[in-house]
>>> print(open('data.cif').read())   # mmCIF, C-alpha atoms and all ligand atoms
data_data
loop_
_atom_site.label_atom_id
_atom_site.label_comp_id
_atom_site.auth_asym_id
_atom_site.auth_seq_id
_atom_site.Cartn_x
_atom_site.Cartn_y
_atom_site.Cartn_z
CA MET A 1 0.00 0.00 0.00
CA LEU A 2 1.30 3.41 -0.92
CA GLY A 3 -0.34 6.08 1.26
CA ALA A 4 -2.05 5.77 4.63
CA GLY A 5 -5.01 8.13 4.31
CA ILE A 6 -8.47 6.65 4.82
CA ASN A 7 -8.36 4.81 1.49
CA GLY A 8 -4.94 3.27 2.05
CA LEU A 9 -5.90 2.14 5.55
CA ALA A 10 -9.30 0.83 4.40
CA THR A 11 -7.67 -1.16 1.60
CA ALA A 12 -4.97 -2.58 3.85
CA TYR A 13 -7.59 -3.52 6.46
CA SER A 14 -9.62 -5.32 3.79
CA LEU A 15 -6.47 -7.14 2.60
CA LEU A 16 -5.77 -8.27 6.17
CA LYS A 17 -9.37 -9.48 6.51
CA GLN A 18 -8.92 -11.48 3.31
CA GLY A 19 -5.85 -13.19 4.76
CA VAL A 20 -3.10 -11.12 3.13
CA THR A 21 -0.53 -10.64 5.88
CA ASN A 22 2.63 -10.05 3.84
CA LEU A 23 1.66 -6.42 3.64
CA ALA A 24 3.31 -3.04 4.16
CA VAL A 25 1.59 0.35 4.25
CA LEU A 26 4.08 3.08 3.32
CA GLU A 27 3.28 6.63 4.43
CA GLN A 28 5.46 9.65 3.69
CA PHE A 29 4.48 11.60 6.83
CA PRO A 30 4.11 10.60 10.49
CA MET A 31 0.73 8.92 11.11
CA GLY A 32 -1.91 11.41 12.23
CA HIS A 33 -0.54 14.20 10.01
CA GLY A 34 -2.84 16.95 8.75
CA GLN A 35 -1.57 17.48 5.22
CA GLY A 36 -3.71 15.18 3.09
CA SER A 37 -7.48 14.75 2.92
CA SER A 38 -8.30 12.39 5.79
CA HIS A 39 -7.58 14.34 8.99
CA GLY A 40 -10.16 16.01 11.23
CA ARG A 41 -12.85 14.78 13.59
CA SER A 42 -15.90 14.43 11.37
CA ARG A 43 -17.32 13.83 7.91
CA ILE A 44 -20.84 13.68 6.49
CA THR A 45 -22.42 10.49 5.26
CA ARG A 46 -25.61 10.63 3.20
CA SER A 47 -27.58 8.88 0.47
CA THR A 48 -28.53 12.09 -1.33
CA TYR A 49 -26.39 12.25 -4.45
CA SER A 50 -26.83 13.72 -7.89
CA THR A 51 -25.96 10.41 -9.59
CA SER A 52 -28.02 7.33 -8.85
CA LYS A 53 -25.01 4.97 -8.82
CA TYR A 54 -23.79 6.66 -5.62
CA VAL A 55 -27.28 6.49 -4.10
CA GLU A 56 -27.25 2.75 -4.82
CA LEU A 57 -23.72 2.20 -3.53
CA MET A 58 -24.53 4.09 -0.33
CA GLN A 59 -27.21 1.49 0.41
CA VAL A 60 -24.47 -1.16 0.61
CA VAL A 61 -22.13 1.12 2.54
CA HIS A 62 -24.73 2.15 5.14
CA GLY A 63 -26.50 -1.20 5.27
CA ARG A 64 -23.57 -3.63 5.54
CA LEU A 65 -20.09 -2.18 5.40
CA TRP A 66 -20.01 0.56 8.07
CA PRO A 67 -21.91 -1.72 10.49
CA ALA A 68 -19.20 -4.37 9.98
CA TRP A 69 -16.47 -1.84 10.80
CA GLU A 70 -18.41 -0.65 13.85
CA ALA A 71 -18.79 -4.23 15.07
CA ALA A 72 -15.05 -4.81 14.66
CA ALA A 73 -14.23 -1.49 16.33
CA GLY A 74 -16.62 -2.19 19.23
CA GLN A 75 -17.91 1.38 19.04
CA PRO A 76 -20.20 3.50 16.87
CA LEU A 77 -18.38 5.24 14.03
CA LEU A 78 -21.49 6.73 12.36
CA HIS A 79 -23.66 8.96 14.56
CA LYS A 80 -27.22 9.37 13.25
CA ASN A 81 -27.94 12.99 12.48
CA PRO A 82 -30.63 14.85 10.55
CA GLY A 83 -29.47 15.91 7.09
CA ILE A 84 -30.88 18.64 4.84
CA PHE A 85 -30.25 19.50 1.19
CA PHE A 86 -31.44 22.80 -0.20
CA GLY A 87 -30.67 25.58 -2.65
CA PRO A 88 -31.60 26.25 -6.27
CA GLY A 89 -29.65 23.19 -7.47
CA ILE A 90 -31.45 20.41 -5.55
CA GLY A 91 -33.20 19.26 -8.73
CA ARG A 92 -30.09 17.23 -9.53
CA TYR A 93 -30.60 15.22 -6.32
CA GLN A 94 -34.34 14.78 -6.74
CA GLU A 95 -33.91 13.01 -10.07
CA SER A 96 -31.36 10.45 -8.89
CA LEU A 97 -33.27 9.75 -5.67
CA ARG A 98 -36.34 8.87 -7.73
CA ASP A 99 -34.30 6.03 -9.27
CA VAL A 100 -33.74 4.42 -5.84
CA PRO A 101 -37.15 4.63 -4.14
CA GLU A 102 -36.15 2.63 -1.03
CA VAL A 103 -34.04 5.56 0.22
CA THR A 104 -35.82 7.53 2.93
CA VAL A 105 -35.56 11.12 1.79
CA GLU A 106 -38.48 13.40 2.59
CA GLU A 107 -39.31 16.57 0.65
CA ILE A 108 -40.70 19.49 2.66
CA THR A 109 -41.52 23.16 2.09
CA ASP A 110 -39.24 26.01 3.14
CA GLU A 111 -41.86 27.06 5.69
CA GLU A 112 -41.79 23.68 7.44
CA ALA A 113 -38.00 23.55 7.12
CA ARG A 114 -37.61 26.91 8.90
CA LEU A 115 -39.59 25.54 11.85
CA ARG A 116 -37.68 22.26 12.00
CA PHE A 117 -34.16 23.49 11.28
CA PRO A 118 -33.35 26.85 12.85
CA PRO A 119 -31.25 28.96 12.24
CA PHE A 120 -31.57 28.13 8.50
CA LEU A 121 -33.70 30.64 6.53
CA PHE A 122 -33.92 28.91 3.12
CA PRO A 123 -34.28 32.23 1.20
CA ASP A 124 -33.78 30.59 -2.21
CA SER A 125 -35.06 27.06 -1.52
CA PRO A 126 -38.83 26.59 -1.85
CA ARG A 127 -38.30 22.83 -1.36
CA VAL A 128 -35.93 21.15 1.09
CA LEU A 129 -34.86 17.48 1.13
CA VAL A 130 -34.50 15.75 4.50
CA ASP A 131 -32.28 12.67 4.22
CA HIS A 132 -32.97 10.25 7.08
CA THR A 133 -29.89 8.16 6.31
CA CYS A 134 -27.44 10.94 7.20
CA ALA A 135 -24.90 10.60 9.96
CA VAL A 136 -21.76 12.25 11.21
CA VAL A 137 -18.78 9.97 10.67
CA ALA A 138 -16.33 9.93 13.57
CA ALA A 139 -13.48 10.34 11.10
CA ASP A 140 -10.52 10.53 13.45
CA ARG A 141 -11.81 7.59 15.52
CA THR A 142 -12.16 5.58 12.30
CA MET A 143 -8.59 6.44 11.31
CA ARG A 144 -7.36 5.42 14.78
CA PHE A 145 -9.28 2.14 14.69
CA LEU A 146 -7.77 1.19 11.32
CA THR A 147 -4.28 2.36 12.30
CA GLU A 148 -4.44 0.18 15.40
CA GLN A 149 -5.52 -2.87 13.35
CA LEU A 150 -2.60 -2.28 10.98
CA ARG A 151 0.04 -1.36 13.56
CA ASP A 152 2.38 -4.22 12.54
CA HIS A 153 2.22 -3.23 8.87
CA ILE A 154 2.49 0.57 8.77
CA MET A 155 5.83 2.15 7.94
CA ASP A 156 5.50 5.92 8.26
CA ASN A 157 8.05 8.62 7.42
CA CYS A 158 8.64 6.56 4.30
CA GLN A 159 8.19 8.41 1.04
CA VAL A 160 8.06 6.43 -2.19
CA GLN A 161 10.07 8.34 -4.77
CA LEU A 162 10.06 5.98 -7.72
CA ILE A 163 7.99 3.03 -8.92
CA ASP A 164 9.71 0.75 -11.40
CA PRO A 165 7.61 -2.20 -12.57
CA GLY A 166 9.79 -5.19 -13.46
CA PRO A 167 9.37 -8.90 -12.70
CA GLN A 168 8.86 -7.58 -9.13
CA ILE A 169 7.63 -4.02 -8.60
CA PHE A 170 10.63 -2.02 -7.39
CA LEU A 171 10.11 0.97 -5.08
CA ASP A 172 12.76 3.52 -4.26
CA THR A 173 11.86 5.02 -0.87
CA THR A 174 13.40 7.36 1.68
CA ARG A 175 13.82 4.27 3.88
CA GLY A 176 15.63 2.28 1.23
CA PRO A 177 14.76 0.13 -1.79
CA MET A 178 11.83 -2.29 -1.58
CA GLU A 179 10.13 -4.82 -3.83
CA CYS A 180 6.57 -6.06 -3.95
CA GLU A 181 4.35 -8.34 -6.01
CA ARG A 182 1.32 -6.04 -6.03
CA LEU A 183 1.00 -2.34 -5.33
CA VAL A 184 -2.05 -0.25 -4.49
CA ILE A 185 -1.50 3.50 -4.86
CA THR A 186 -3.75 5.65 -2.67
CA ALA A 187 -1.61 8.77 -2.55
CA GLY A 188 -4.43 11.35 -2.53
CA PRO A 189 -3.39 14.69 -4.10
CA TRP A 190 0.17 13.39 -4.65
CA THR A 191 -0.99 10.53 -6.91
CA SER A 192 -0.06 12.15 -10.21
CA ARG A 193 3.55 12.59 -9.03
CA LEU A 194 3.74 8.79 -9.02
CA VAL A 195 1.47 8.23 -12.04
CA PRO A 196 2.17 11.35 -14.16
CA ARG A 197 -0.40 10.37 -16.80
CA LEU A 198 -3.12 11.23 -14.30
CA LYS A 199 -2.00 14.84 -13.99
CA ALA A 200 -4.59 16.23 -16.42
CA ASN A 201 -7.53 14.57 -14.69
CA LEU A 202 -6.46 14.61 -11.01
CA ARG A 203 -6.66 18.22 -9.79
CA PRO A 204 -5.81 18.97 -6.16
CA ALA A 205 -7.94 21.78 -4.70
CA HIS A 206 -7.30 23.33 -1.29
CA GLN A 207 -10.34 23.69 0.95
CA ASP A 208 -10.71 26.29 3.68
CA VAL A 209 -12.97 25.25 6.52
CA GLY A 210 -14.41 27.70 9.08
CA TYR A 211 -15.95 26.90 12.47
CA PHE A 212 -18.82 29.19 13.49
CA GLU A 213 -20.25 29.51 16.98
CA ILE A 214 -24.02 30.02 16.81
CA GLU A 215 -26.80 30.63 19.34
CA ALA A 216 -28.57 27.27 18.75
CA SER A 217 -27.22 23.96 20.05
CA ALA A 218 -24.61 22.67 17.62
CA GLN A 219 -24.12 19.19 19.08
CA VAL A 220 -23.88 16.07 16.94
CA GLY A 221 -27.43 14.67 16.83
CA ASP A 222 -29.10 18.09 17.26
CA PHE A 223 -27.80 20.32 14.51
CA PRO A 224 -28.28 19.08 10.92
CA VAL A 225 -25.58 18.14 8.49
CA TRP A 226 -26.43 20.07 5.35
CA VAL A 227 -25.55 20.73 1.75
CA TYR A 228 -26.45 23.89 -0.12
CA ALA A 229 -26.59 23.18 -3.85
CA GLY A 230 -26.14 26.33 -5.92
CA GLU A 231 -27.14 26.69 -9.57
CA GLN A 232 -23.67 25.45 -10.58
CA ALA A 233 -21.97 22.44 -8.96
CA ASP A 234 -19.06 24.60 -7.75
CA ASP A 235 -21.41 27.02 -6.00
CA SER A 236 -22.10 24.61 -3.17
CA PHE A 237 -21.50 24.80 0.56
CA TYR A 238 -21.83 22.23 3.31
CA GLY A 239 -21.59 22.04 7.04
CA LEU A 240 -21.99 19.81 10.07
CA PRO A 241 -21.74 19.73 13.82
CA GLU A 242 -18.34 18.66 15.08
CA PHE A 243 -17.32 16.26 17.86
CA GLU A 244 -15.55 17.80 20.87
CA ARG A 245 -15.02 21.18 19.26
CA PRO A 246 -17.05 24.40 19.54
CA GLY A 247 -18.82 25.71 16.48
CA VAL A 248 -20.42 24.37 13.34
CA LYS A 249 -18.09 23.35 10.52
CA LEU A 250 -18.78 25.24 7.27
CA ALA A 251 -17.00 25.27 3.92
CA ARG A 252 -17.40 25.88 0.22
CA HIS A 253 -17.25 22.61 -1.78
CA ARG A 254 -14.44 23.66 -4.11
CA THR A 255 -14.64 21.36 -7.13
CA GLY A 256 -13.25 21.84 -10.63
CA PRO A 257 -9.92 21.91 -12.47
CA HIS A 258 -7.68 23.53 -9.89
CA GLY A 259 -4.06 22.50 -9.69
CA ASP A 260 -3.03 23.37 -6.15
CA ASP A 261 0.25 22.23 -4.64
CA PRO A 262 -0.39 19.60 -1.94
CA ASP A 263 2.88 20.61 -0.25
CA ARG A 264 1.77 24.24 0.20
CA PRO A 265 2.35 25.30 3.82
CA ILE A 266 -0.92 25.62 5.74
CA GLY A 267 -1.55 28.96 7.48
CA GLU A 268 -2.81 29.48 11.03
CA VAL A 269 -5.92 31.50 10.18
CA LEU A 270 -8.69 31.38 7.60
CA PRO A 271 -7.50 33.42 4.58
CA GLU A 272 -9.41 36.72 4.26
CA GLU A 273 -11.12 35.92 0.96
CA ALA A 274 -12.39 32.55 2.22
CA ALA A 275 -13.57 34.11 5.50
CA ALA A 276 -15.57 36.73 3.55
CA ASP A 277 -17.07 34.02 1.32
CA LEU A 278 -18.24 31.96 4.31
CA GLN A 279 -19.47 35.01 6.26
CA ALA A 280 -21.55 36.11 3.24
CA PHE A 281 -23.10 32.65 3.08
CA VAL A 282 -23.93 32.72 6.80
CA GLN A 283 -25.55 36.15 6.50
CA ARG A 284 -27.76 35.03 3.61
CA GLN A 285 -28.75 31.65 4.95
CA TRP A 286 -28.82 31.79 8.78
CA SER A 287 -30.71 33.95 11.29
CA GLY A 288 -29.02 35.25 14.45
CA THR A 289 -25.33 35.75 14.98
CA ALA A 290 -22.53 33.43 13.96
CA ARG A 291 -18.98 34.06 15.11
CA LEU A 292 -15.95 32.58 13.38
CA VAL A 293 -14.03 30.65 16.07
CA GLY A 294 -11.74 28.27 14.20
CA TYR A 295 -10.06 27.23 10.97
CA ASP A 296 -8.87 24.05 9.25
CA ALA A 297 -7.32 23.39 5.87
CA CYS A 298 -7.72 20.24 3.82
CA ILE A 299 -7.40 19.24 0.18
CA TYR A 300 -9.57 17.48 -2.40
CA THR A 301 -8.33 15.59 -5.45
CA ASN A 302 -10.93 16.44 -8.09
CA THR A 303 -11.70 14.54 -11.26
CA CYS A 304 -13.72 16.07 -14.06
CA THR A 305 -16.73 13.83 -13.37
CA GLU A 306 -16.21 13.75 -9.58
CA ASP A 307 -16.09 9.97 -10.00
CA PHE A 308 -13.34 8.10 -8.20
CA ILE A 309 -10.68 6.17 -10.11
CA LEU A 310 -10.68 2.57 -8.82
CA ASP A 311 -8.78 0.50 -11.33
CA HIS A 312 -5.48 -1.13 -12.21
CA LEU A 313 -3.06 0.58 -14.58
CA PRO A 314 -4.13 -0.24 -18.14
CA GLU A 315 -0.75 -1.85 -18.90
CA ASP A 316 -0.07 -3.55 -15.54
CA PRO A 317 -2.81 -5.35 -13.58
CA ARG A 318 -0.47 -5.71 -10.58
CA ILE A 319 -0.67 -1.97 -9.88
CA VAL A 320 -4.03 -0.66 -8.69
CA VAL A 321 -4.90 3.01 -8.22
CA GLY A 322 -7.51 4.51 -5.88
CA ALA A 323 -7.66 8.25 -6.46
CA GLY A 324 -9.75 11.27 -7.41
CA PHE A 325 -12.08 11.08 -4.43
CA SER A 326 -13.25 14.62 -5.27
CA GLY A 327 -14.21 15.67 -1.75
CA HIS A 328 -16.71 12.89 -1.11
CA GLY A 329 -14.65 9.76 -0.51
CA PHE A 330 -14.59 9.28 3.26
CA LYS A 331 -18.08 7.83 3.62
CA PHE A 332 -17.30 5.24 0.92
CA ALA A 333 -14.05 4.01 2.49
CA PRO A 334 -15.35 0.59 3.64
CA LEU A 335 -16.48 -0.02 0.05
CA THR A 336 -13.54 1.51 -1.82
CA GLY A 337 -11.12 -0.30 0.49
CA GLN A 338 -12.74 -3.64 -0.31
CA VAL A 339 -12.86 -2.80 -4.03
CA LEU A 340 -9.17 -1.86 -4.20
CA ALA A 341 -8.12 -4.89 -2.14
CA GLU A 342 -10.09 -7.30 -4.33
CA LEU A 343 -8.89 -5.66 -7.55
CA ALA A 344 -5.31 -6.13 -6.31
CA ILE A 345 -5.82 -9.80 -5.40
CA PHE A 346 -8.36 -11.07 -7.93
CA GLY A 347 -8.68 -8.37 -10.61
CA ARG A 348 -12.43 -8.11 -9.92
CA THR A 349 -14.63 -7.60 -6.89
CA SER A 350 -17.23 -9.65 -5.04
CA LEU A 351 -19.57 -6.64 -4.96
CA PRO A 352 -22.19 -6.89 -7.73
CA GLU A 353 -23.37 -3.37 -6.87
CA PHE A 354 -19.90 -2.07 -7.74
CA GLU A 355 -19.30 -4.35 -10.74
CA ARG A 356 -22.51 -3.01 -12.29
CA HIS A 357 -21.02 0.49 -12.32
CA ARG A 358 -17.38 -0.45 -12.71
CA ALA A 359 -16.90 1.37 -16.03
CA ALA A 360 -17.59 4.70 -14.30
CA PHE A 361 -14.56 4.13 -12.05
CA ALA A 362 -12.13 3.12 -14.79
CA PHE A 363 -8.61 4.53 -15.10
CA TYR A 364 -9.17 7.79 -16.95
CA SER A 365 -6.26 10.06 -17.63
CA ALA A 366 -7.71 12.66 -20.00
CA ALA A 367 -9.04 15.95 -18.72
CA CYS A 368 -12.69 16.49 -19.63
CA TRP A 369 -13.54 19.80 -18.04
C1 LIG B 401 -12.46 19.70 4.12
C2 LIG B 401 -12.87 18.35 3.65
C3 LIG B 401 -14.13 17.88 3.98
C4 LIG B 401 -14.56 16.64 3.52
N1 LIG B 401 -15.80 16.21 3.87
C5 LIG B 401 -16.21 14.99 3.48
C6 LIG B 401 -17.46 14.50 3.90
O1 LIG B 401 -18.20 15.19 4.62
N2 LIG B 401 -17.83 13.26 3.50
C7 LIG B 401 -17.03 12.48 2.72
O2 LIG B 401 -17.43 11.36 2.37
N3 LIG B 401 -15.82 12.91 2.31
C8 LIG B 401 -15.39 14.14 2.67
N4 LIG B 401 -14.17 14.60 2.28
C9 LIG B 401 -13.36 13.79 1.36
C10 LIG B 401 -12.55 12.71 2.04
O3 LIG B 401 -12.04 13.18 3.26
C11 LIG B 401 -11.46 12.28 1.07
O4 LIG B 401 -12.09 11.82 -0.12
C12 LIG B 401 -10.58 11.18 1.62
O5 LIG B 401 -10.05 11.57 2.87
C13 LIG B 401 -9.46 10.86 0.64
O6 LIG B 401 -8.58 9.97 1.28
P1 LIG B 401 -7.31 9.35 0.56
O7 LIG B 401 -6.82 8.28 1.44
O8 LIG B 401 -7.65 9.01 -0.84
O9 LIG B 401 -6.25 10.56 0.45
P2 LIG B 401 -5.32 11.22 1.58
O10 LIG B 401 -6.03 11.36 2.85
O11 LIG B 401 -4.74 12.46 0.99
O12 LIG B 401 -4.17 10.16 1.79
C14 LIG B 401 -3.10 9.98 0.89
C15 LIG B 401 -1.89 9.59 1.72
O13 LIG B 401 -0.85 9.19 0.85
C16 LIG B 401 0.37 9.67 1.38
N5 LIG B 401 1.35 9.76 0.29
C17 LIG B 401 1.26 10.53 -0.81
N6 LIG B 401 2.35 10.38 -1.59
C18 LIG B 401 3.14 9.48 -0.96
C19 LIG B 401 4.40 8.93 -1.28
N7 LIG B 401 5.07 9.25 -2.40
N8 LIG B 401 4.94 8.02 -0.43
C20 LIG B 401 4.28 7.66 0.72
N9 LIG B 401 3.07 8.19 1.06
C21 LIG B 401 2.50 9.08 0.23
C22 LIG B 401 -0.02 11.03 1.92
O14 LIG B 401 0.92 11.55 2.83
C23 LIG B 401 -1.37 10.76 2.54
O15 LIG B 401 -1.29 10.39 3.89
C24 LIG B 401 -13.71 15.83 2.72
C25 LIG B 401 -12.43 16.29 2.41
C26 LIG B 401 -12.01 17.53 2.86
C27 LIG B 401 -10.65 18.01 2.48
#
>>> encode(input="data.cif", output="structure tokens")
Amino acid sequence: MLGAGINGLATAYSLLKQGVTNLAVLEQFPMGHGQGSSHGRSRITRSTYSTSKYVELMQVVHGRLWPAWEAAAGQPLLHKNPGIFFGPGIGRYQESLRDVPEVTVEEITDEEARLRFPPFLFPDSPRVLVDHTCAVVAADRTMRFLTEQLRDHIMDNCQVQLIDPGPQIFLDTTRGPMECERLVITAGPWTSRLVPRLKANLRPAHQDVGYFEIEASAQVGDFPVWVYAGEQADDSFYGLPEFERPGVKLARHRTGPHGDDPDRPIGEVLPEEAAADLQAFVQRQWSGTARLVGYDACIYTNTCTEDFILDHLPEDPRIVVGAGFSGHGFKFAPLTGQVLAELAIFGRTSLPEFERHRAAFAFYSAACW
């Protein structure tokens, strides 16, 4: 395994479960670092998606795969939480939800939504979707659980600098040369440094996250997780209550063909432009006061379709890539981990729900923005 973010850990955990013990997880930074995409206390999980394949896949993830992780962890990792979806762009969700009628998503008026979900005002959302499958993922606890399971296999402070496929796959690393029979690359925004052909389609995009203290209770379970869908996909915001930290998390969902440097140093405070963007959103959409009390930085790896790449290299089935999680990959980790593990061992998966949509996750190196 190359990379120990959530996808690398999930894949390695699935490999272990399938009996693969001759396994190393190489991570360039110390475990628990905050420079990739997988740090922080919480993430949203939901069924509401603008493409029905994700709505379908989430049924497997919520129904079977997260519960299996929770049973193994001996603790809840998903915390049930109301979830709302609003804004002028929610039509794209309504259509795909219609294709999967078993999902429990309710549609209510803005008037009812204002009563049920203060301090939201819904000024430009005559209809609001309430997704009853939403939860807050205890992201850092999930990372710790997987790290603990893999403690004998993780080698951190080990950067892979070169991959040379021969009879064995040769890796040049900062901790010396290594060889392996199979390699799964889950290097997040650094992936195209190792697989340069993916540079056009894998676009890292920094994300600035603000924490706002509000008058209402902002505890997990009380305050909704929410997505505001603007007219255009890149005019979207989201937020959620956070474990053990004051304030509601709020950010713009920055998609599209950026090309940010994943090694950029992260500042201490929310950059002025991002703060103004989030404050303007709060003023339009929430009643009462909201005070900025904290900041986090994170990074997405966007693809042009926002579909993940879960495939082997076209010319070498021994090397599998999991990348392009486009800001929505955490909730899928139990599924994507199993997919990548099975692709590495067998070349196909035991998940018919995934196999049905496999073409959408194929290795795709061209840019299509
Ligand atoms: C602000 C923010 C909010 C998000 N909210 C949600 C949400 O609510 N719900 C949701 O489902 N998803 C969410 N996501 C997306 C989700 O967190 C990501 O899709 C997921 O974390 C991607 O994980 P990864 O393992 O692919 O990448 P990463 O976490 O970036 O891991 C890649 C790892 O590979 C290592 N690596 C890279 N190159 C090398 C090398 N050469 N040698 C060794 N190691 C290397 C890196 O150091 C890193 O640890 C959010 C993301 C962000 C940034």
>>> atom_distance(input="data.cif", atom1="CA of Ala4 (chain A)", atom2="CA of Leu150 (chain A)")
10.3 Å
>>> residues_near_ligand(input="data.cif", ligand="ligand LIG 401 (chain B)", cutoff="6 Å", atoms="all atoms listed in the file", output="PyMOL selection string")
chain A and resi 2-8+26-29+36-38+43-45+158-161+186-190+207+298-300+323+325-331
>>> write_last_selection(input="data.cif", atoms="C-alpha atoms", output="PDB file, keeping the file's coordinate frame")
ATOM      1  CA  LEU A   2       1.300   3.410  -0.920  1.00  0.00           C
ATOM      2  CA  GLY A   3      -0.340   6.080   1.260  1.00  0.00           C
ATOM      3  CA  ALA A   4      -2.050   5.770   4.630  1.00  0.00           C
ATOM      4  CA  GLY A   5      -5.010   8.130   4.310  1.00  0.00           C
ATOM      5  CA  ILE A   6      -8.470   6.650   4.820  1.00  0.00           C
ATOM      6  CA  ASN A   7      -8.360   4.810   1.490  1.00  0.00           C
ATOM      7  CA  GLY A   8      -4.940   3.270   2.050  1.00  0.00           C
ATOM      8  CA  LEU A  26       4.080   3.080   3.320  1.00  0.00           C
ATOM      9  CA  GLU A  27       3.280   6.630   4.430  1.00  0.00           C
ATOM     10  CA  GLN A  28       5.460   9.650   3.690  1.00  0.00           C
ATOM     11  CA  PHE A  29       4.480  11.600   6.830  1.00  0.00           C
ATOM     12  CA  GLY A  36      -3.710  15.180   3.090  1.00  0.00           C
ATOM     13  CA  SER A  37      -7.480  14.750   2.920  1.00  0.00           C
ATOM     14  CA  SER A  38      -8.300  12.390   5.790  1.00  0.00           C
ATOM     15  CA  ARG A  43     -17.320  13.830   7.910  1.00  0.00           C
ATOM     16  CA  ILE A  44     -20.840  13.680   6.490  1.00  0.00           C
ATOM     17  CA  THR A  45     -22.420  10.490   5.260  1.00  0.00           C
ATOM     18  CA  CYS A 158       8.640   6.560   4.300  1.00  0.00           C
ATOM     19  CA  GLN A 159       8.190   8.410   1.040  1.00  0.00           C
ATOM     20  CA  VAL A 160       8.060   6.430  -2.190  1.00  0.00           C
ATOM     21  CA  GLN A 161      10.070   8.340  -4.770  1.00  0.00           C
ATOM     22  CA  THR A 186      -3.750   5.650  -2.670  1.00  0.00           C
ATOM     23  CA  ALA A 187      -1.610   8.770  -2.550  1.00  0.00           C
ATOM     24  CA  GLY A 188      -4.430  11.350  -2.530  1.00  0.00           C
ATOM     25  CA  PRO A 189      -3.390  14.690  -4.100  1.00  0.00           C
ATOM     26  CA  TRP A 190       0.170  13.390  -4.650  1.00  0.00           C
ATOM     27  CA  GLN A 207     -10.340  23.690   0.950  1.00  0.00           C
ATOM     28  CA  CYS A 298      -7.720  20.240   3.820  1.00  0.00           C
ATOM     29  CA  ILE A 299      -7.400  19.240   0.180  1.00  0.00           C
ATOM     30  CA  TYR A 300      -9.570  17.480  -2.400  1.00  0.00           C
ATOM     31  CA  ALA A 323      -7.660   8.250  -6.460  1.00  0.00           C
ATOM     32  CA  PHE A 325     -12.080  11.080  -4.430  1.00  0.00           C
ATOM     33  CA  SER A 326     -13.250  14.620  -5.270  1.00  0.00           C
ATOM     34  CA  GLY A 327     -14.210  15.670  -1.750  1.00  0.00           C
ATOM     35  CA  HIS A 328     -16.710  12.890  -1.110  1.00  0.00           C
ATOM     36  CA  GLY A 329     -14.650   9.760  -0.510  1.00  0.00           C
ATOM     37  CA  PHE A 330     -14.590   9.280   3.260  1.00  0.00           C
ATOM     38  CA  LYS A 331     -18.080   7.830   3.620  1.00  0.00           C
TER      39      LYS A 331
END
>>> residues_around(input="data.cif", residues="Tyr364 (chain A)", least_positions_apart="5", cutoff="12 Å", atoms="all atoms listed in the file", output="PyMOL selection string")
chain A and resi 195+197-202+303-314+321-324+359
>>> closest_residue(input="data.cif", among="A:Gln59, A:Asn81, A:Thr48, A:Gln338", to="Gln219 (chain A)", atoms="all atoms listed in the file")
A:Asn81
>>> atom_distance(input="data.cif", atom1="CA of Ala71 (chain A)", atom2="CA of Leu351 (chain A)")
20.2 Å
>>> closest_residue(input="data.cif", among="A:Glu342, A:Glu95, A:Asp316, A:Glu242", to="Ala139 (chain A)", atoms="all atoms listed in the file")
A:Glu242
>>> residues_around(input="data.cif", residues="Ala233 (chain A)", least_positions_apart="4", cutoff="9 Å", atoms="all atoms listed in the file", output="number ranges by chain")
A: 89, 229, 253, 255-256
>>> residues_near_point(input="data.cif", point="(-28.0, 35.4, 6.5)", cutoff="9 Å", atoms="only C-alpha atoms", output="PyMOL selection string")
chain A and resi 120-121+123+279-289
>>> atom_distance(input="data.cif", atom1="CA of Leu97 (chain A)", atom2="CA of Gln232 (chain A)")
19.0 Å
